[in-house]
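Trainee: Could you have a look at this structure, given as structure tokens, before my questions?
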Protein chains: 2
Amino acid sequence: MSIPIVRTVAELRTAVAAWRQDNHRVAVVPTMGALHEGHLSLVRAALGQADRVIVTLFVNPTQFNNSSDLAAYPRTEDEDAAKLASLGAHILYAPDADEMYPQGFATTVSVSGVSEGLCGAFRPGHFDGVATVVAKLFLQSGADLAFFGEKDFQQLHVVRRLARDLDIPIEIVGCPTVREPDGLAMSSRNVRLSASEREIAPMLAEILFDTSGRLTEGAPVDDALATAREAIVRAGYRKVEYLELRGDDDLKPLGATDRQGRLLAAAWLGETRLIDNVKVMPVRHGSRNRL
Amino acid sequence: MSIPIVRTVAELRTAVAAWRQDNHRVAVVPTMGALHEGHLSLVRAALGQADRVIVTLFVNPTQFNNSSDLAAYPRTEDEDAAKLASLGAHILYAPDADEMYPQGFATTVSVSGVSEGLCGAFRPGHFDGVATVVAKLFLQSGADLAFFGEKDFQQLHVVRRLARDLDIPIEIVGCPTVREPDGLAMSSRNVRLSASEREIAPMLAEILFDTSGRLTEGAPVDDALATAREAIVRAGYRKVEYLELRGDDDLKPLGATDRQGRLLAAAWLGETRLIDNVKVMPVRHGSRNRL
């Protein structure tokens, strides 16, 4: 079993046009490759909602604000293709940088608001790079549906916003974060962790879930976040880049757990930056502050 | 004879989807209304190359860097609709600002390079506003072809660039500037000229054509531009905002008339800012500098 690998926009459009003739519903799953179970869950979700699924593999240089991070990003196309073939995805679209950004390329898509703060504050230019490449992938594929993981929760908001604002006729589907058995959110960057870091890593998720529970039970937001920051560092993380409570639907900062929120964190474990986020249910009516 | 006026993206898409069922080729002609013969020439060109023609009318606030210019911009929808009906255009798409920029709108399309200098230097934010609204109109209409006048030559370059860079599957067709019998380029802003200004106005075009001829005959660029600037002011224009020779195909500054160029100017006549541009053929092999 194999999967056709397409390198150019022209070939991709030819394939999609043929599917359109047959009235197929088309989904796209944008990835940077190094596919893990999280990506595969997106592909399975796409296969469940569309007749044809394009998985894109492009390690987009414009969304890396750090050249060593770009250089170190894992590239495993053959393995990726094999995984996709076994799932039954229909096309692996893997253009090179010249196909995406030919000579003279000069356009940037920027999303304000939801791209500000969190990762946006620490990775200047990152979300411009994401928004621009995602707009291109949507328009190159002409897909009806696109699948993104909640692991990159701020990215999901940026993508929803740009698709709506630019009137791209595509439905954005967000899918739950997939975790290792010990709770660590799956990430292509996890392979960079040493054995000892890998043991510490799941503490980030554990602390986020724990803090989410305390917030829902009525813990004051500032106290709960301060406690969580300390716990992350005590667990062995080198530094907490951010840890914030935001609105689940609009990413606006939340000072109280009075509506559904999202607790988002980025933290450094040695030389590896990990991000994660968990849902926070509002304080239930009648619950007391038990702290 | 009348033309259907559509106010929402949803209605527009329904109409276009029905055309697609019949395999019609669809063109869009973006305008800010106050239609004159220049716009109508675009509509005629569109009718010649497509089966169905959408004319858009939206006075886009985000491309005005000056609120009094926005307030003074002529609005003549009834007359516009009548003109379009008599030509046989198929839809007048005239959304309001809330339809184009609903609550929470946060996305900007920016084009570097071709948007810099010329009007870009004097109208900060103008081309971001143009690029964003044009991307939206292309994606709302899903048109195969879009028609723009060469009168706004830099805008034409910005639009070509953004469509190519974002992989919007639309062909951009540039059409020649339409002029009054005395040479004045048609513009919706011409109605603001007083009778005496209107008499002076055509001198801008006359000087540009004359200077273009001198450049092709081998006049040194700096000398020719300096002479032209003086002539525009002597003719009665209050101020020359810019007057430059650029490459016709890439808008890069040209220091010599060694390839096809474009002479572009913006000048103030009283309180009205007028722009114009003319093609400049390269110095012919064997021609001498006759100055």
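Numbering starts fresh at 1 for the residues of each chain in the structure tokens, the chains themselves are lettered A, B, ... in the order given, and ligands are numbered from 1 as they appear.
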Show me, as a ChimeraX atom specification, the residues of chain A whose atoms get within 7 Å of chain B, using only C-alpha atoms for the distance check.
Mentor: /A:105-113,135-136,139-140,162,165-168
Trainee: Skipping near chain neighbours, those fewer than 6 positions away, what residues fall within 9 Å of stretch 264-279 of chain A using only C-alpha atoms, listed as a PyMOL selection string?
Mentor: chain A and resi 118-119+150-154+177+184-185+187+189-190+192-194+197+200-201+204-205+208-209+212+232-233+236-246+248
Trainee: Can you tell me, as a compact mmCIF listing (two decimals) with N, CA and C atoms, in the first residue's frame, which residues in stretch 44-250 of chain A count as helix (DSSP H, G or I) by DSSP?
Mentor:
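Heads up, here's the output in part20.txt:
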# COMPACT_ATOMS: atom_id res chain seq x y z
N ARG A 44 -7.43 10.46 10.81
CA ARG A 44 -8.59 9.58 11.00
C ARG A 44 -9.88 10.40 11.07
N ALA A 45 -9.82 11.53 11.79
CA ALA A 45 -11.01 12.39 11.87
C ALA A 45 -11.38 12.90 10.48
N ALA A 46 -10.38 13.27 9.70
CA ALA A 46 -10.64 13.77 8.35
C ALA A 46 -11.26 12.69 7.47
N LEU A 47 -10.72 11.47 7.59
CA LEU A 47 -11.27 10.36 6.80
C LEU A 47 -12.72 10.08 7.18
N GLY A 48 -13.06 10.38 8.43
CA GLY A 48 -14.43 10.17 8.88
C GLY A 48 -15.41 11.20 8.35
N GLN A 49 -14.90 12.37 7.97
CA GLN A 49 -15.81 13.46 7.55
C GLN A 49 -15.68 13.85 6.08
N PRO A 61 9.64 27.41 6.75
CA PRO A 61 10.71 28.21 7.39
C PRO A 61 10.20 29.52 7.98
N THR A 62 9.15 30.10 7.42
CA THR A 62 8.74 31.44 7.88
C THR A 62 8.06 31.42 9.24
N GLN A 63 7.74 30.24 9.77
CA GLN A 63 7.12 30.23 11.09
C GLN A 63 8.11 29.86 12.19
N SER A 67 16.59 29.74 13.96
CA SER A 67 17.09 28.92 12.86
C SER A 67 17.59 27.56 13.36
N SER A 68 18.05 27.46 14.61
CA SER A 68 18.50 26.15 15.07
C SER A 68 17.30 25.23 15.31
N ASP A 69 16.17 25.81 15.71
CA ASP A 69 14.94 25.02 15.87
C ASP A 69 14.51 24.47 14.51
N LEU A 70 14.61 25.33 13.48
CA LEU A 70 14.27 24.88 12.11
C LEU A 70 15.21 23.77 11.66
N ALA A 71 16.51 23.96 11.89
CA ALA A 71 17.49 22.96 11.45
C ALA A 71 17.28 21.64 12.17
N ALA A 72 16.90 21.71 13.45
CA ALA A 72 16.77 20.49 14.26
C ALA A 72 15.41 19.82 14.08
N GLU A 77 10.14 11.86 6.00
CA GLU A 77 9.09 11.74 4.98
C GLU A 77 8.72 10.30 4.65
N ASP A 78 9.72 9.42 4.51
CA ASP A 78 9.40 8.04 4.12
C ASP A 78 8.50 7.37 5.16
N GLU A 79 8.86 7.54 6.42
CA GLU A 79 8.04 6.95 7.49
C GLU A 79 6.65 7.60 7.51
N ASP A 80 6.62 8.92 7.31
CA ASP A 80 5.33 9.62 7.29
C ASP A 80 4.43 9.06 6.20
N ALA A 81 5.02 8.90 5.01
CA ALA A 81 4.23 8.39 3.87
C ALA A 81 3.70 6.99 4.17
N ALA A 82 4.52 6.16 4.80
CA ALA A 82 4.09 4.79 5.11
C ALA A 82 2.92 4.81 6.10
N LYS A 83 3.03 5.68 7.13
CA LYS A 83 1.93 5.77 8.10
C LYS A 83 0.63 6.22 7.44
N LEU A 84 0.75 7.21 6.56
CA LEU A 84 -0.45 7.75 5.91
C LEU A 84 -1.06 6.72 4.97
N ALA A 85 -0.20 5.99 4.28
CA ALA A 85 -0.70 4.96 3.36
C ALA A 85 -1.50 3.92 4.15
N SER A 86 -1.00 3.54 5.30
CA SER A 86 -1.70 2.49 6.03
C SER A 86 -3.03 2.98 6.60
N LEU A 87 -3.14 4.28 6.82
CA LEU A 87 -4.43 4.82 7.27
C LEU A 87 -5.43 4.96 6.13
N ALA A 97 10.38 24.47 -0.66
CA ALA A 97 10.23 25.89 -0.31
C ALA A 97 10.09 26.77 -1.56
N ASP A 98 10.73 26.38 -2.66
CA ASP A 98 10.61 27.19 -3.88
C ASP A 98 9.21 27.12 -4.49
N GLU A 99 8.53 26.01 -4.26
CA GLU A 99 7.17 25.90 -4.77
C GLU A 99 6.23 26.78 -3.92
N MET A 100 6.50 26.85 -2.64
CA MET A 100 5.64 27.64 -1.74
C MET A 100 5.97 29.12 -1.81
N CYS A 119 2.26 32.26 22.90
CA CYS A 119 3.37 31.99 21.98
C CYS A 119 3.72 33.21 21.12
N GLY A 120 2.70 34.02 20.80
CA GLY A 120 2.94 35.20 19.96
C GLY A 120 3.93 36.16 20.58
N ALA A 121 3.96 36.22 21.92
CA ALA A 121 4.86 37.16 22.60
C ALA A 121 6.29 36.65 22.59
N PHE A 122 6.47 35.33 22.51
CA PHE A 122 7.82 34.76 22.63
C PHE A 122 8.38 34.29 21.29
N HIS A 126 6.09 34.33 14.30
CA HIS A 126 5.63 32.94 14.16
C HIS A 126 4.23 32.85 13.56
N PHE A 127 3.29 33.59 14.12
CA PHE A 127 1.91 33.44 13.65
C PHE A 127 1.66 34.10 12.30
N ASP A 128 2.46 35.09 11.93
CA ASP A 128 2.39 35.59 10.55
C ASP A 128 2.80 34.47 9.59
N GLY A 129 3.86 33.76 9.97
CA GLY A 129 4.31 32.65 9.12
C GLY A 129 3.26 31.56 9.03
N VAL A 130 2.64 31.24 10.16
CA VAL A 130 1.59 30.21 10.18
C VAL A 130 0.39 30.67 9.34
N ALA A 131 -0.06 31.90 9.57
CA ALA A 131 -1.27 32.37 8.89
C ALA A 131 -1.05 32.40 7.37
N THR A 132 0.13 32.84 6.96
CA THR A 132 0.40 32.94 5.53
C THR A 132 0.45 31.56 4.88
N VAL A 133 1.17 30.63 5.51
CA VAL A 133 1.31 29.31 4.87
C VAL A 133 -0.02 28.56 4.91
N VAL A 134 -0.78 28.73 5.98
CA VAL A 134 -2.07 28.03 6.08
C VAL A 134 -3.05 28.58 5.05
N ALA A 135 -3.06 29.91 4.87
CA ALA A 135 -3.92 30.48 3.82
C ALA A 135 -3.55 29.89 2.47
N LYS A 136 -2.26 29.80 2.21
CA LYS A 136 -1.81 29.23 0.92
C LYS A 136 -2.25 27.77 0.79
N LEU A 137 -2.05 26.98 1.83
CA LEU A 137 -2.42 25.56 1.74
C LEU A 137 -3.92 25.39 1.52
N PHE A 138 -4.71 26.24 2.18
CA PHE A 138 -6.17 26.18 1.97
C PHE A 138 -6.51 26.49 0.52
N LEU A 139 -5.86 27.52 -0.03
CA LEU A 139 -6.22 27.96 -1.38
C LEU A 139 -5.60 27.07 -2.45
N GLN A 140 -4.47 26.47 -2.14
CA GLN A 140 -3.87 25.52 -3.09
C GLN A 140 -4.73 24.26 -3.19
N SER A 141 -5.21 23.80 -2.05
CA SER A 141 -5.95 22.53 -2.03
C SER A 141 -7.43 22.73 -2.38
N GLU A 150 -5.85 20.60 18.93
CA GLU A 150 -5.97 21.58 20.02
C GLU A 150 -4.65 21.75 20.78
N LYS A 151 -3.71 20.85 20.56
CA LYS A 151 -2.39 21.00 21.18
C LYS A 151 -1.84 22.41 20.89
N ASP A 152 -1.95 22.85 19.63
CA ASP A 152 -1.54 24.21 19.27
C ASP A 152 -2.80 25.07 19.30
N PHE A 153 -3.23 25.39 20.52
CA PHE A 153 -4.55 25.98 20.70
C PHE A 153 -4.62 27.41 20.16
N GLN A 154 -3.55 28.15 20.38
CA GLN A 154 -3.54 29.53 19.86
C GLN A 154 -3.51 29.51 18.33
N GLN A 155 -2.75 28.59 17.77
CA GLN A 155 -2.71 28.43 16.31
C GLN A 155 -4.10 28.14 15.76
N LEU A 156 -4.84 27.27 16.46
CA LEU A 156 -6.20 26.93 16.03
C LEU A 156 -7.06 28.19 15.98
N HIS A 157 -6.92 29.05 16.97
CA HIS A 157 -7.67 30.31 16.97
C HIS A 157 -7.24 31.22 15.82
N VAL A 158 -5.95 31.30 15.57
CA VAL A 158 -5.44 32.14 14.48
C VAL A 158 -5.99 31.63 13.14
N VAL A 159 -5.98 30.33 12.97
CA VAL A 159 -6.43 29.74 11.71
C VAL A 159 -7.94 29.95 11.51
N ARG A 160 -8.70 29.76 12.56
CA ARG A 160 -10.16 30.00 12.46
C ARG A 160 -10.42 31.45 12.05
N ARG A 161 -9.68 32.35 12.69
CA ARG A 161 -9.88 33.78 12.44
C ARG A 161 -9.54 34.15 11.00
N LEU A 162 -8.41 33.67 10.51
CA LEU A 162 -8.00 34.06 9.15
C LEU A 162 -8.95 33.48 8.11
N ALA A 163 -9.41 32.24 8.34
CA ALA A 163 -10.31 31.64 7.35
C ALA A 163 -11.62 32.42 7.30
N ARG A 164 -12.12 32.80 8.48
CA ARG A 164 -13.36 33.56 8.55
C ARG A 164 -13.15 34.95 7.93
N ASP A 165 -12.07 35.62 8.34
CA ASP A 165 -11.86 37.01 7.92
C ASP A 165 -11.58 37.14 6.42
N SER A 188 6.15 16.58 17.90
CA SER A 188 7.31 16.16 17.12
C SER A 188 8.61 16.53 17.82
N ARG A 189 8.54 17.46 18.76
CA ARG A 189 9.75 17.88 19.47
C ARG A 189 10.08 16.96 20.65
N ASN A 190 9.18 16.06 21.00
CA ASN A 190 9.44 15.18 22.15
C ASN A 190 10.66 14.29 21.92
N VAL A 191 10.97 14.00 20.65
CA VAL A 191 12.12 13.12 20.37
C VAL A 191 13.43 13.77 20.81
N ARG A 192 13.42 15.07 21.03
CA ARG A 192 14.65 15.75 21.44
C ARG A 192 14.94 15.59 22.94
N ALA A 195 16.55 10.92 28.14
CA ALA A 195 15.77 9.94 28.93
C ALA A 195 15.30 10.56 30.24
N SER A 196 16.16 11.31 30.89
CA SER A 196 15.76 11.87 32.19
C SER A 196 14.73 13.00 31.99
N GLU A 197 14.91 13.79 30.92
CA GLU A 197 13.91 14.83 30.64
C GLU A 197 12.55 14.19 30.32
N ARG A 198 12.62 13.09 29.58
CA ARG A 198 11.37 12.41 29.21
C ARG A 198 10.58 11.95 30.45
N GLU A 199 11.31 11.65 31.50
CA GLU A 199 10.61 11.24 32.73
C GLU A 199 9.94 12.41 33.43
N ILE A 200 10.59 13.57 33.31
CA ILE A 200 10.04 14.77 33.94
C ILE A 200 8.88 15.34 33.13
N MET A 203 5.01 15.88 33.83
CA MET A 203 4.57 16.69 34.97
C MET A 203 3.87 17.97 34.51
N LEU A 204 4.24 18.49 33.34
CA LEU A 204 3.60 19.72 32.86
C LEU A 204 2.09 19.47 32.71
N ALA A 205 1.73 18.40 32.00
CA ALA A 205 0.31 18.10 31.81
C ALA A 205 -0.37 17.83 33.15
N GLU A 206 0.33 17.08 34.01
CA GLU A 206 -0.27 16.72 35.30
C GLU A 206 -0.60 17.99 36.10
N ILE A 207 0.34 18.93 36.11
CA ILE A 207 0.11 20.18 36.85
C ILE A 207 -1.01 21.00 36.20
N LEU A 208 -1.06 21.00 34.87
CA LEU A 208 -2.14 21.75 34.21
C LEU A 208 -3.51 21.16 34.55
N PHE A 209 -3.62 19.86 34.48
CA PHE A 209 -4.92 19.22 34.80
C PHE A 209 -5.30 19.49 36.25
N ASP A 210 -4.30 19.37 37.12
CA ASP A 210 -4.54 19.60 38.55
C ASP A 210 -5.01 21.04 38.79
N THR A 211 -4.31 21.98 38.13
CA THR A 211 -4.65 23.39 38.31
C THR A 211 -6.04 23.69 37.73
N SER A 212 -6.34 23.07 36.60
CA SER A 212 -7.67 23.24 36.01
C SER A 212 -8.75 22.83 37.00
N GLY A 213 -8.53 21.70 37.66
CA GLY A 213 -9.49 21.23 38.66
C GLY A 213 -9.64 22.20 39.81
N ARG A 214 -8.53 22.74 40.28
CA ARG A 214 -8.58 23.69 41.41
C ARG A 214 -9.31 24.96 41.00
N LEU A 215 -9.09 25.41 39.77
CA LEU A 215 -9.78 26.63 39.29
C LEU A 215 -11.29 26.40 39.26
N THR A 216 -11.69 25.23 38.78
CA THR A 216 -13.12 24.91 38.70
C THR A 216 -13.74 24.80 40.09
N VAL A 221 -7.60 32.78 40.69
CA VAL A 221 -6.78 32.53 39.50
C VAL A 221 -5.30 32.84 39.76
N ASP A 222 -5.01 33.99 40.35
CA ASP A 222 -3.61 34.37 40.55
C ASP A 222 -2.87 33.36 41.44
N ASP A 223 -3.52 32.96 42.51
CA ASP A 223 -2.90 31.99 43.41
C ASP A 223 -2.65 30.66 42.71
N ALA A 224 -3.67 30.20 41.99
CA ALA A 224 -3.56 28.90 41.33
C ALA A 224 -2.43 28.91 40.30
N LEU A 225 -2.32 30.02 39.55
CA LEU A 225 -1.27 30.09 38.53
C LEU A 225 0.12 30.16 39.17
N ALA A 226 0.24 30.94 40.25
CA ALA A 226 1.54 31.04 40.93
C ALA A 226 1.97 29.69 41.47
N THR A 227 1.04 28.98 42.06
CA THR A 227 1.35 27.64 42.59
C THR A 227 1.78 26.71 41.46
N ALA A 228 1.09 26.78 40.34
CA ALA A 228 1.39 25.91 39.21
C ALA A 228 2.78 26.22 38.65
N ARG A 229 3.12 27.49 38.52
CA ARG A 229 4.44 27.88 38.02
C ARG A 229 5.54 27.28 38.90
N GLU A 230 5.35 27.44 40.19
CA GLU A 230 6.35 26.89 41.12
C GLU A 230 6.46 25.38 40.96
N ALA A 231 5.32 24.72 40.82
CA ALA A 231 5.32 23.26 40.72
C ALA A 231 6.04 22.79 39.45
N ILE A 232 5.85 23.55 38.36
CA ILE A 232 6.49 23.15 37.09
C ILE A 232 8.01 23.22 37.23
N VAL A 233 8.49 24.29 37.85
CA VAL A 233 9.93 24.44 38.04
C VAL A 233 10.44 23.39 39.04
N ARG A 234 9.68 23.17 40.09
CA ARG A 234 10.09 22.17 41.08
C ARG A 234 10.17 20.78 40.45
N ALA A 235 9.31 20.54 39.45
CA ALA A 235 9.30 19.24 38.79
C ALA A 235 10.56 19.02 37.97
Trainee: I'd like the contact shell of B:Arg7 - 7 Å cut-off, only C-alpha atoms, skipping same-chain residues fewer than 2 positions apart - returned as number ranges by chain.
Mentor: B: 5, 93-95
Trainee: Mind giving me the straight-line distance from atom CA of B:Glu37 to atom CA of B:Leu145 in Å, one decimal?
Mentor: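 Computing the Euclidean distance for atom CA of B:Glu37 and atom CA of B:Leu145 yields 20.2 Å.
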Trainee: Kindly give the distance, in Å, that separates atom CA of A:Pro30 and atom CA of A:Pro181, rounded to a single decimal.
Mentor: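 Atom CA of A:Pro181 lies 25.0 Å from atom CA of A:Pro30.
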